[in-house]
file query.cif (mmCIF, C-alpha atoms, pLDDT in the B column; chains and numbers go by the auth columns)
data_structure
#
loop_
_atom_site.group_PDB
_atom_site.id
_atom_site.type_symbol
_atom_site.label_atom_id
_atom_site.label_comp_id
_atom_site.label_asym_id
_atom_site.label_seq_id
_atom_site.Cartn_x
_atom_site.Cartn_y
_atom_site.Cartn_z
_atom_site.B_iso_or_equiv
_atom_site.auth_seq_id
_atom_site.auth_asym_id
ATOM 1 C CA MET A 1 -9.275 -50.434 -17.524 46.00 1 A
ATOM 2 C CA GLN A 2 -10.722 -48.081 -20.081 44.00 2 A
ATOM 3 C CA ARG A 3 -11.243 -45.459 -17.378 44.00 3 A
ATOM 4 C CA ARG A 4 -7.586 -45.795 -16.299 41.00 4 A
ATOM 5 C CA TRP A 5 -6.375 -45.176 -19.856 38.00 5 A
ATOM 6 C CA LEU A 6 -8.703 -42.222 -20.099 37.00 6 A
ATOM 7 C CA LEU A 7 -7.231 -40.698 -16.954 38.00 7 A
ATOM 8 C CA LEU A 8 -3.729 -41.416 -18.142 36.00 8 A
ATOM 9 C CA GLY A 9 -4.591 -39.869 -21.465 41.00 9 A
ATOM 10 C CA MET A 10 -5.907 -36.778 -19.727 41.00 10 A
ATOM 11 C CA GLY A 11 -2.755 -36.683 -17.599 43.00 11 A
ATOM 12 C CA ALA A 12 -0.573 -36.978 -20.661 40.00 12 A
ATOM 13 C CA SER A 13 -2.530 -34.217 -22.372 41.00 13 A
ATOM 14 C CA SER A 14 -2.132 -32.063 -19.282 40.00 14 A
ATOM 15 C CA LEU A 15 1.600 -32.715 -19.225 37.00 15 A
ATOM 16 C CA VAL A 16 1.887 -31.886 -22.892 37.00 16 A
ATOM 17 C CA ALA A 17 -0.079 -28.684 -22.382 40.00 17 A
ATOM 18 C CA THR A 18 1.982 -27.792 -19.339 38.00 18 A
ATOM 19 C CA GLY A 19 5.173 -28.648 -21.166 39.00 19 A
ATOM 20 C CA ALA A 20 4.064 -26.541 -24.090 38.00 20 A
ATOM 21 C CA GLY A 21 3.292 -23.706 -21.742 38.00 21 A
ATOM 22 C CA LEU A 22 6.702 -24.001 -20.147 31.00 22 A
ATOM 23 C CA TRP A 23 8.337 -24.199 -23.541 37.00 23 A
ATOM 24 C CA LEU A 24 6.438 -21.162 -24.757 34.00 24 A
ATOM 25 C CA THR A 25 7.346 -19.214 -21.614 34.00 25 A
ATOM 26 C CA ARG A 26 10.956 -20.228 -21.885 36.00 26 A
ATOM 27 C CA ASN A 27 10.960 -19.509 -25.579 38.00 27 A
ATOM 28 C CA ARG A 28 9.576 -15.993 -24.981 36.00 28 A
ATOM 29 C CA THR A 29 12.352 -15.347 -22.467 36.00 29 A
ATOM 30 C CA ASP A 30 14.968 -16.585 -24.898 37.00 30 A
ATOM 31 C CA VAL A 31 13.876 -14.245 -27.672 37.00 31 A
ATOM 32 C CA GLN A 32 13.769 -11.064 -25.589 38.00 32 A
ATOM 33 C CA THR A 33 15.811 -8.339 -27.182 38.00 33 A
ATOM 34 C CA VAL A 34 18.506 -6.972 -24.884 36.00 34 A
ATOM 35 C CA PRO A 35 20.010 -3.619 -25.917 39.00 35 A
ATOM 36 C CA GLY A 36 23.674 -3.918 -26.723 41.00 36 A
ATOM 37 C CA ASP A 37 24.451 -0.718 -24.827 43.00 37 A
ATOM 38 C CA ASP A 38 22.784 1.536 -22.287 46.00 38 A
ATOM 39 C CA ILE A 39 21.332 4.826 -23.485 48.00 39 A
ATOM 40 C CA CYS A 40 23.331 7.860 -22.404 56.00 40 A
ATOM 41 C CA ILE A 41 21.798 11.294 -21.865 64.00 41 A
ATOM 42 C CA VAL A 42 24.216 14.015 -22.925 78.00 42 A
ATOM 43 C CA ALA A 43 22.786 17.150 -21.310 91.00 43 A
ATOM 44 C CA PRO A 44 23.992 20.393 -22.900 93.00 44 A
ATOM 45 C CA THR A 45 25.276 23.257 -20.775 96.00 45 A
ATOM 46 C CA HIS A 46 23.306 26.511 -20.591 97.00 46 A
ATOM 47 C CA ALA A 47 25.098 29.686 -21.626 97.00 47 A
ATOM 48 C CA TYR A 48 25.398 32.781 -19.452 97.00 48 A
ATOM 49 C CA ASP A 49 22.984 35.551 -20.422 96.00 49 A
ATOM 50 C CA PRO A 50 24.571 39.009 -19.890 95.00 50 A
ATOM 51 C CA ALA A 51 21.092 40.559 -20.125 96.00 51 A
ATOM 52 C CA SER A 52 20.130 38.808 -16.878 94.00 52 A
ATOM 53 C CA GLY A 53 22.100 41.385 -14.883 95.00 53 A
ATOM 54 C CA LEU A 54 23.587 38.593 -12.750 96.00 54 A
ATOM 55 C CA PRO A 55 27.328 38.213 -12.176 97.00 55 A
ATOM 56 C CA MET A 56 28.747 35.440 -14.357 96.00 56 A
ATOM 57 C CA THR A 57 29.289 33.085 -11.413 97.00 57 A
ATOM 58 C CA ALA A 58 26.044 33.855 -9.560 98.00 58 A
ATOM 59 C CA PRO A 59 23.448 31.064 -9.210 98.00 59 A
ATOM 60 C CA ARG A 60 20.598 31.041 -11.729 97.00 60 A
ATOM 61 C CA GLU A 61 17.099 29.689 -11.704 97.00 61 A
ATOM 62 C CA VAL A 62 16.693 26.247 -13.261 98.00 62 A
ATOM 63 C CA PRO A 63 15.092 26.312 -16.735 97.00 63 A
ATOM 64 C CA PRO A 64 12.172 23.863 -17.113 97.00 64 A
ATOM 65 C CA GLN A 65 13.905 22.162 -20.047 96.00 65 A
ATOM 66 C CA ALA A 66 17.255 21.620 -18.269 97.00 66 A
ATOM 67 C CA ARG A 67 18.327 17.972 -17.964 97.00 67 A
ATOM 68 C CA CYS A 68 20.614 16.467 -15.346 96.00 68 A
ATOM 69 C CA PRO A 69 23.752 15.144 -17.092 96.00 69 A
ATOM 70 C CA VAL A 70 24.033 12.283 -14.585 94.00 70 A
ATOM 71 C CA CYS A 71 20.526 10.791 -14.591 92.00 71 A
ATOM 72 C CA GLY A 72 18.605 12.642 -17.323 93.00 72 A
ATOM 73 C CA MET A 73 15.916 13.980 -14.979 94.00 73 A
ATOM 74 C CA TYR A 74 14.538 17.543 -15.003 96.00 74 A
ATOM 75 C CA PRO A 75 15.958 19.422 -11.959 97.00 75 A
ATOM 76 C CA ALA A 76 13.261 22.117 -12.132 97.00 76 A
ATOM 77 C CA ARG A 77 10.644 19.525 -11.139 95.00 77 A
ATOM 78 C CA HIS A 78 12.305 19.012 -7.731 94.00 78 A
ATOM 79 C CA ARG A 79 13.631 22.493 -7.145 96.00 79 A
ATOM 80 C CA ARG A 80 14.655 22.078 -3.467 95.00 80 A
ATOM 81 C CA TRP A 81 16.979 19.256 -4.456 96.00 81 A
ATOM 82 C CA ALA A 82 18.552 21.008 -7.448 97.00 82 A
ATOM 83 C CA ALA A 83 22.234 21.866 -7.777 98.00 83 A
ATOM 84 C CA GLN A 84 24.291 23.703 -10.373 98.00 84 A
ATOM 85 C CA VAL A 85 27.870 23.877 -11.571 98.00 85 A
ATOM 86 C CA ILE A 86 29.050 27.108 -13.228 98.00 86 A
ATOM 87 C CA PHE A 87 32.126 27.078 -15.443 98.00 87 A
ATOM 88 C CA LEU A 88 34.686 29.840 -15.916 97.00 88 A
ATOM 89 C CA ASP A 89 33.087 30.958 -19.191 97.00 89 A
ATOM 90 C CA GLY A 90 29.677 31.313 -17.498 97.00 90 A
ATOM 91 C CA ASP A 91 28.139 28.125 -18.873 98.00 91 A
ATOM 92 C CA VAL A 92 26.126 26.194 -16.299 98.00 92 A
ATOM 93 C CA GLN A 93 25.171 22.562 -15.807 98.00 93 A
ATOM 94 C CA PHE A 94 22.072 21.857 -13.688 98.00 94 A
ATOM 95 C CA LEU A 95 21.745 18.676 -11.623 97.00 95 A
ATOM 96 C CA ASP A 96 18.737 17.080 -9.976 95.00 96 A
ATOM 97 C CA SER A 97 20.236 16.596 -6.494 95.00 97 A
ATOM 98 C CA PRO A 98 23.383 16.905 -4.356 96.00 98 A
ATOM 99 C CA LEU A 99 23.908 13.174 -4.895 95.00 99 A
ATOM 100 C CA SER A 100 24.039 13.671 -8.675 95.00 100 A
ATOM 101 C CA LEU A 101 26.273 16.710 -8.107 96.00 101 A
ATOM 102 C CA PHE A 102 28.953 14.740 -6.254 96.00 102 A
ATOM 103 C CA GLN A 103 28.712 11.895 -8.756 94.00 103 A
ATOM 104 C CA TYR A 104 29.212 14.511 -11.474 97.00 104 A
ATOM 105 C CA LEU A 105 32.247 16.037 -9.746 97.00 105 A
ATOM 106 C CA GLN A 106 33.949 12.630 -9.726 94.00 106 A
ATOM 107 C CA GLN A 107 33.941 12.524 -13.548 94.00 107 A
ATOM 108 C CA VAL A 108 33.212 15.957 -14.989 97.00 108 A
ATOM 109 C CA SER A 109 34.685 15.192 -18.410 96.00 109 A
ATOM 110 C CA ARG A 110 32.525 12.108 -18.749 95.00 110 A
ATOM 111 C CA TYR A 111 29.273 13.998 -18.251 96.00 111 A
ATOM 112 C CA THR A 112 30.310 17.260 -19.956 96.00 112 A
ATOM 113 C CA PRO A 113 32.822 16.439 -22.718 95.00 113 A
ATOM 114 C CA GLY A 114 35.542 19.046 -23.115 96.00 114 A
ATOM 115 C CA ARG A 115 35.307 20.197 -19.473 97.00 115 A
ATOM 116 C CA ASN A 116 37.069 19.128 -16.304 97.00 116 A
ATOM 117 C CA ALA A 117 37.083 20.054 -12.626 96.00 117 A
ATOM 118 C CA GLY A 118 39.628 22.816 -13.281 97.00 118 A
ATOM 119 C CA HIS A 119 37.080 24.641 -15.447 98.00 119 A
ATOM 120 C CA ILE A 120 34.593 25.021 -12.579 98.00 120 A
ATOM 121 C CA ALA A 121 34.138 28.511 -11.111 98.00 121 A
ATOM 122 C CA ALA A 122 31.249 27.962 -8.665 98.00 122 A
ATOM 123 C CA ILE A 123 29.019 25.207 -7.294 98.00 123 A
ATOM 124 C CA TYR A 124 25.617 25.703 -5.667 98.00 124 A
ATOM 125 C CA VAL A 125 23.031 23.497 -3.970 98.00 125 A
ATOM 126 C CA SER A 126 19.504 24.248 -2.774 98.00 126 A
ATOM 127 C CA ASP A 127 18.723 24.697 0.895 98.00 127 A
ATOM 128 C CA GLN A 128 16.207 21.970 1.672 96.00 128 A
ATOM 129 C CA ASP A 129 14.282 24.275 4.017 96.00 129 A
ATOM 130 C CA SER A 130 14.019 27.460 1.953 97.00 130 A
ATOM 131 C CA GLY A 131 15.047 26.557 -1.585 96.00 131 A
ATOM 132 C CA GLN A 132 17.655 29.344 -1.532 97.00 132 A
ATOM 133 C CA TRP A 133 20.928 28.722 -3.351 98.00 133 A
ATOM 134 C CA LEU A 134 23.916 27.926 -1.125 98.00 134 A
ATOM 135 C CA GLU A 135 27.580 27.649 -2.014 98.00 135 A
ATOM 136 C CA ALA A 136 28.182 23.920 -1.891 98.00 136 A
ATOM 137 C CA ASP A 137 31.353 24.212 0.182 97.00 137 A
ATOM 138 C CA GLU A 138 29.456 26.109 2.889 97.00 138 A
ATOM 139 C CA ALA A 139 26.409 23.833 3.019 98.00 139 A
ATOM 140 C CA VAL A 140 25.828 21.028 5.516 98.00 140 A
ATOM 141 C CA PHE A 141 24.643 17.739 3.988 97.00 141 A
ATOM 142 C CA VAL A 142 22.765 14.922 5.678 97.00 142 A
ATOM 143 C CA HIS A 143 23.442 11.318 4.732 94.00 143 A
ATOM 144 C CA GLY A 144 21.325 8.312 5.683 93.00 144 A
ATOM 145 C CA SER A 145 18.021 9.998 6.557 94.00 145 A
ATOM 146 C CA SER A 146 14.582 8.610 5.711 93.00 146 A
ATOM 147 C CA LEU A 147 14.008 11.357 3.139 93.00 147 A
ATOM 148 C CA MET A 148 14.496 10.042 -0.375 88.00 148 A
ATOM 149 C CA GLY A 149 15.782 12.239 -3.194 86.00 149 A
ATOM 150 C CA PRO A 150 14.207 12.699 -6.651 86.00 150 A
ATOM 151 C CA MET A 151 15.460 9.293 -7.850 75.00 151 A
ATOM 152 C CA ARG A 152 13.931 7.651 -4.741 71.00 152 A
ATOM 153 C CA SER A 153 17.244 6.030 -3.882 67.00 153 A
ATOM 154 C CA GLY A 154 19.788 7.721 -1.705 66.00 154 A
ATOM 155 C CA ASN A 155 19.709 11.254 -0.392 83.00 155 A
ATOM 156 C CA LEU A 156 21.956 14.161 0.549 94.00 156 A
ATOM 157 C CA PRO A 157 19.653 17.062 1.441 96.00 157 A
ATOM 158 C CA ALA A 158 21.575 20.312 1.949 97.00 158 A
ATOM 159 C CA PHE A 159 21.130 22.893 4.702 98.00 159 A
ATOM 160 C CA ALA A 160 22.438 26.397 5.333 98.00 160 A
ATOM 161 C CA SER A 161 23.604 25.645 8.889 97.00 161 A
ATOM 162 C CA GLU A 162 24.556 22.871 11.279 97.00 162 A
ATOM 163 C CA ALA A 163 21.565 23.781 13.454 98.00 163 A
ATOM 164 C CA GLN A 164 19.125 23.285 10.560 98.00 164 A
ATOM 165 C CA ALA A 165 20.751 19.993 9.659 98.00 165 A
ATOM 166 C CA GLN A 166 20.539 18.770 13.274 98.00 166 A
ATOM 167 C CA ALA A 167 16.865 19.737 13.506 98.00 167 A
ATOM 168 C CA PHE A 168 16.250 17.688 10.350 97.00 168 A
ATOM 169 C CA ILE A 169 18.246 14.745 11.732 97.00 169 A
ATOM 170 C CA ASN A 170 16.137 14.766 14.897 97.00 170 A
ATOM 171 C CA GLN A 171 13.081 14.089 12.746 95.00 171 A
ATOM 172 C CA ARG A 172 14.489 12.025 9.892 95.00 172 A
ATOM 173 C CA GLY A 173 17.717 10.506 11.170 95.00 173 A
ATOM 174 C CA GLY A 174 21.082 10.495 9.444 95.00 174 A
ATOM 175 C CA SER A 175 24.403 12.217 10.033 96.00 175 A
ATOM 176 C CA THR A 176 26.040 15.403 8.764 97.00 176 A
ATOM 177 C CA MET A 177 28.708 15.505 6.074 96.00 177 A
ATOM 178 C CA THR A 178 30.676 18.314 4.437 97.00 178 A
ATOM 179 C CA ALA A 179 31.197 18.961 0.742 97.00 179 A
ATOM 180 C CA ALA A 180 34.929 18.375 1.222 96.00 180 A
ATOM 181 C CA ARG A 181 34.234 14.890 2.595 95.00 181 A
ATOM 182 C CA LEU A 182 31.768 14.065 -0.184 96.00 182 A
ATOM 183 C CA ARG A 183 34.149 15.298 -2.877 94.00 183 A
ATOM 184 C CA GLN A 184 36.837 12.995 -1.514 92.00 184 A
ATOM 185 C CA LYS A 185 34.628 9.912 -1.579 90.00 185 A
ATOM 186 C CA LEU A 186 30.909 9.185 -1.448 90.00 186 A
ATOM 187 C CA PRO A 187 29.628 6.785 1.240 90.00 187 A
ATOM 188 C CA GLU A 188 29.599 3.194 -0.043 86.00 188 A
ATOM 189 C CA ASP A 189 25.797 2.974 -0.347 83.00 189 A
ATOM 190 C CA LEU A 190 25.748 6.132 -2.483 86.00 190 A
ATOM 191 C CA GLN A 191 28.852 5.192 -4.460 80.00 191 A
ATOM 192 C CA ALA A 192 27.002 2.054 -5.538 76.00 192 A
ATOM 193 C CA LEU A 193 24.342 4.266 -7.175 73.00 193 A
ATOM 194 C CA THR A 194 26.855 5.909 -9.521 70.00 194 A
ATOM 195 C CA PRO A 195 25.749 5.236 -13.127 65.00 195 A
ATOM 196 C CA HIS A 196 27.691 2.711 -15.192 49.00 196 A
ATOM 197 C CA VAL A 197 30.728 4.132 -16.971 47.00 197 A
ATOM 198 C CA HIS A 198 30.357 4.078 -20.759 42.00 198 A
ATOM 199 C CA ASP A 199 33.131 3.972 -23.312 40.00 199 A
ATOM 200 C CA ARG A 200 32.053 6.825 -25.567 39.00 200 A
ATOM 201 C CA SER A 201 34.685 5.978 -28.185 35.00 201 A
ATOM 202 C CA SER A 202 32.984 2.648 -28.933 33.00 202 A
ATOM 203 C CA SER A 203 29.663 4.330 -29.762 34.00 203 A
ATOM 204 C CA ARG A 204 31.061 6.690 -32.364 34.00 204 A
#
call {"tool": "encode", "arguments": {"input": "query.cif", "output": "structure tokens"}}
result
Amino acid sequence: MQRRWLLLGMGASSLVATGAGLWLTRNRTDVQTVPGDDICIVAPTHAYDPASGLPMTAPREVPPQARCPVCGMYPARHRRWAAQVIFLDGDVQFLDSPLSLFQYLQQVSRYTPGRNAGHIAAIYVSDQDSGQWLEADEAVFVHGSSLMGPMRSGNLPAFASEAQAQAFINQRGGSTMTAARLRQKLPEDLQALTPHVHDRSSSR
């Protein structure tokens, strides 16, 4: 009888300890601090430098410190994915990938306050094969391949020609898309990756 009580006592102690552990775990979860709002990266534009000798709307090399206004990444670190938007006054906004570019074009004023699509003079993307700058409207994009972009989710590598894009598709899969099509609407799987819309007025 004494042995039975001892076992029961041990079982009760175990249950108490387990219960305490569960309570502590639950309690830790309950007291986690959840930020009231997501953190937004407001990436500044980069001014045109007349001393560069480049035409105002010509593509420029990505500065190491440039930040993507959509995701906050550094486009210079993944140069063959980089894109850029040049405004009428020569200011430029660098982006980390064609995907971020087309997300940006959907809501220019959100990512660059005081600007809109009508202020854009030129748009460039990087040729995935050579790294050369291409006018976005003349590039061929590939959607749905196995090659992931800088954010490791979604991809739209750009190519200078249909032949280059097809050669890539033969190795990596996917299908070709034009800038006009992507401007109109991103494919559903890429649209789902668009960052959450913030109400800037509530954070002021």
call {"tool": "residues_near_point", "arguments": {"input": "query.cif", "point": "(27.3, 19.2, -22.3)", "cutoff": "8 Å", "atoms": "only C-alpha atoms", "output": "list in words"}}
result
Val42, Ala43, Pro44, Thr45, Pro69, Gln93, Tyr111, Thr112 and Pro113 of chain A
call {"tool": "closest_residue", "arguments": {"input": "query.cif", "among": "A:Ala58, A:Leu182, A:Ala66, A:Val125", "to": "Ala82 in chain A", "atoms": "all atoms listed in the file"}}
result
A:Val125
call {"tool": "atom_distance", "arguments": {"input": "query.cif", "atom1": "CA of Arg172 in chain A", "atom2": "CA of Val62 in chain A"}}
result
27.3 Å
call {"tool": "resolve_selection", "arguments": {"input": "query.cif", "expression": "the PyMOL selection byres ((chain A and resi 106) around 12)", "output": "number ranges by chain"}}
result
A: 70, 99-105, 107-112, 116-117, 182-186, 191, 194-195, 197
call {"tool": "closest_residue", "arguments": {"input": "query.cif", "among": "A:Asp96, A:Glu138, A:Asp129, A:Asp49", "to": "Asn155 in chain A", "atoms": "all atoms listed in the file"}}
result
A:Asp96
call {"tool": "atom_distance", "arguments": {"input": "query.cif", "atom1": "CA of Pro98 in chain A", "atom2": "CA of His46 in chain A"}}
result
18.9 Å
call {"tool": "closest_residue", "arguments": {"input": "query.cif", "among": "A:Ala122, A:Leu95, A:Ala167, A:Ala51", "to": "Val142 in chain A", "atoms": "only C-alpha atoms"}}
result
A:Ala167
call {"tool": "atom_distance", "arguments": {"input": "query.cif", "atom1": "CA of Ala160 in chain A", "atom2": "CA of Val140 in chain A"}}
result
6.4 Å
call {"tool": "decode", "arguments": {"input": "query.cif", "residues": "range 160-172 of chain A", "atoms": "all heavy atoms", "output": "compact mmCIF listing (two decimals), in the first residue's frame"}}
result
# COMPACT_ATOMS: atom_id res chain seq x y z
N ALA A 160 17.98 39.67 -72.76
CA ALA A 160 18.00 40.63 -73.86
C ALA A 160 17.21 40.15 -75.08
O ALA A 160 16.82 40.96 -75.92
CB ALA A 160 19.45 40.92 -74.27
N SER A 161 16.97 38.84 -75.19
CA SER A 161 16.27 38.33 -76.37
C SER A 161 15.42 37.12 -76.03
O SER A 161 15.63 36.46 -75.00
CB SER A 161 17.28 37.94 -77.46
OG SER A 161 18.01 36.79 -77.05
N GLU A 162 14.48 36.83 -76.90
CA GLU A 162 13.63 35.65 -76.75
C GLU A 162 14.46 34.38 -76.81
O GLU A 162 14.20 33.42 -76.07
CB GLU A 162 12.59 35.65 -77.87
CG GLU A 162 11.54 34.56 -77.76
CD GLU A 162 10.45 34.88 -76.74
OE1 GLU A 162 10.20 36.06 -76.49
OE2 GLU A 162 9.87 33.91 -76.21
N ALA A 163 15.49 34.37 -77.66
CA ALA A 163 16.34 33.19 -77.78
C ALA A 163 17.08 32.90 -76.47
O ALA A 163 17.18 31.73 -76.05
CB ALA A 163 17.34 33.39 -78.92
N GLN A 164 17.60 33.94 -75.83
CA GLN A 164 18.28 33.75 -74.54
C GLN A 164 17.31 33.24 -73.49
O GLN A 164 17.65 32.34 -72.69
CB GLN A 164 18.89 35.07 -74.07
CG GLN A 164 20.14 35.51 -74.81
CD GLN A 164 20.60 36.87 -74.32
OE1 GLN A 164 20.24 37.90 -74.89
NE2 GLN A 164 21.38 36.88 -73.27
N ALA A 165 16.12 33.81 -73.48
CA ALA A 165 15.12 33.39 -72.50
C ALA A 165 14.73 31.93 -72.72
O ALA A 165 14.60 31.16 -71.75
CB ALA A 165 13.89 34.29 -72.60
N GLN A 166 14.57 31.52 -73.98
CA GLN A 166 14.20 30.13 -74.27
C GLN A 166 15.31 29.16 -73.88
O GLN A 166 15.05 28.07 -73.39
CB GLN A 166 13.85 29.99 -75.75
CG GLN A 166 12.52 30.59 -76.15
CD GLN A 166 11.34 29.94 -75.43
OE1 GLN A 166 11.39 28.78 -75.02
NE2 GLN A 166 10.25 30.69 -75.29
N ALA A 167 16.56 29.56 -74.10
CA ALA A 167 17.69 28.71 -73.71
C ALA A 167 17.69 28.52 -72.19
O ALA A 167 17.96 27.41 -71.68
CB ALA A 167 19.00 29.35 -74.17
N PHE A 168 17.36 29.58 -71.46
CA PHE A 168 17.28 29.51 -70.00
C PHE A 168 16.12 28.59 -69.58
O PHE A 168 16.27 27.75 -68.69
CB PHE A 168 17.09 30.92 -69.44
CG PHE A 168 16.81 30.96 -67.96
CD1 PHE A 168 17.84 30.91 -67.04
CD2 PHE A 168 15.50 31.06 -67.50
CE1 PHE A 168 17.58 30.96 -65.68
CE2 PHE A 168 15.23 31.11 -66.14
CZ PHE A 168 16.27 31.06 -65.24
N ILE A 169 14.97 28.75 -70.25
CA ILE A 169 13.80 27.94 -69.93
C ILE A 169 14.07 26.46 -70.17
O ILE A 169 13.61 25.59 -69.41
CB ILE A 169 12.59 28.41 -70.77
CG1 ILE A 169 12.12 29.78 -70.27
CG2 ILE A 169 11.45 27.40 -70.73
CD1 ILE A 169 11.09 30.45 -71.15
N ASN A 170 14.84 26.13 -71.18
CA ASN A 170 15.18 24.74 -71.45
C ASN A 170 15.94 24.10 -70.29
O ASN A 170 15.86 22.88 -70.08
CB ASN A 170 16.03 24.64 -72.73
CG ASN A 170 15.23 24.98 -73.98
OD1 ASN A 170 13.99 24.94 -73.96
ND2 ASN A 170 15.92 25.32 -75.06
N GLN A 171 16.66 24.91 -69.55
CA GLN A 171 17.43 24.39 -68.41
C GLN A 171 16.70 24.52 -67.09
O GLN A 171 16.79 23.64 -66.23
CB GLN A 171 18.77 25.13 -68.32
CG GLN A 171 19.70 24.90 -69.49
CD GLN A 171 21.04 25.60 -69.31
OE1 GLN A 171 21.22 26.39 -68.38
NE2 GLN A 171 21.97 25.33 -70.20
N ARG A 172 15.95 25.61 -66.94
CA ARG A 172 15.37 25.94 -65.64
C ARG A 172 13.85 25.94 -65.59
O ARG A 172 13.25 26.08 -64.53
CB ARG A 172 15.85 27.33 -65.20
CG ARG A 172 17.33 27.44 -64.92
CD ARG A 172 17.65 26.91 -63.54
NE ARG A 172 18.93 27.37 -63.06
CZ ARG A 172 19.29 27.39 -61.78
NH1 ARG A 172 18.45 26.99 -60.86
NH2 ARG A 172 20.48 27.80 -61.43
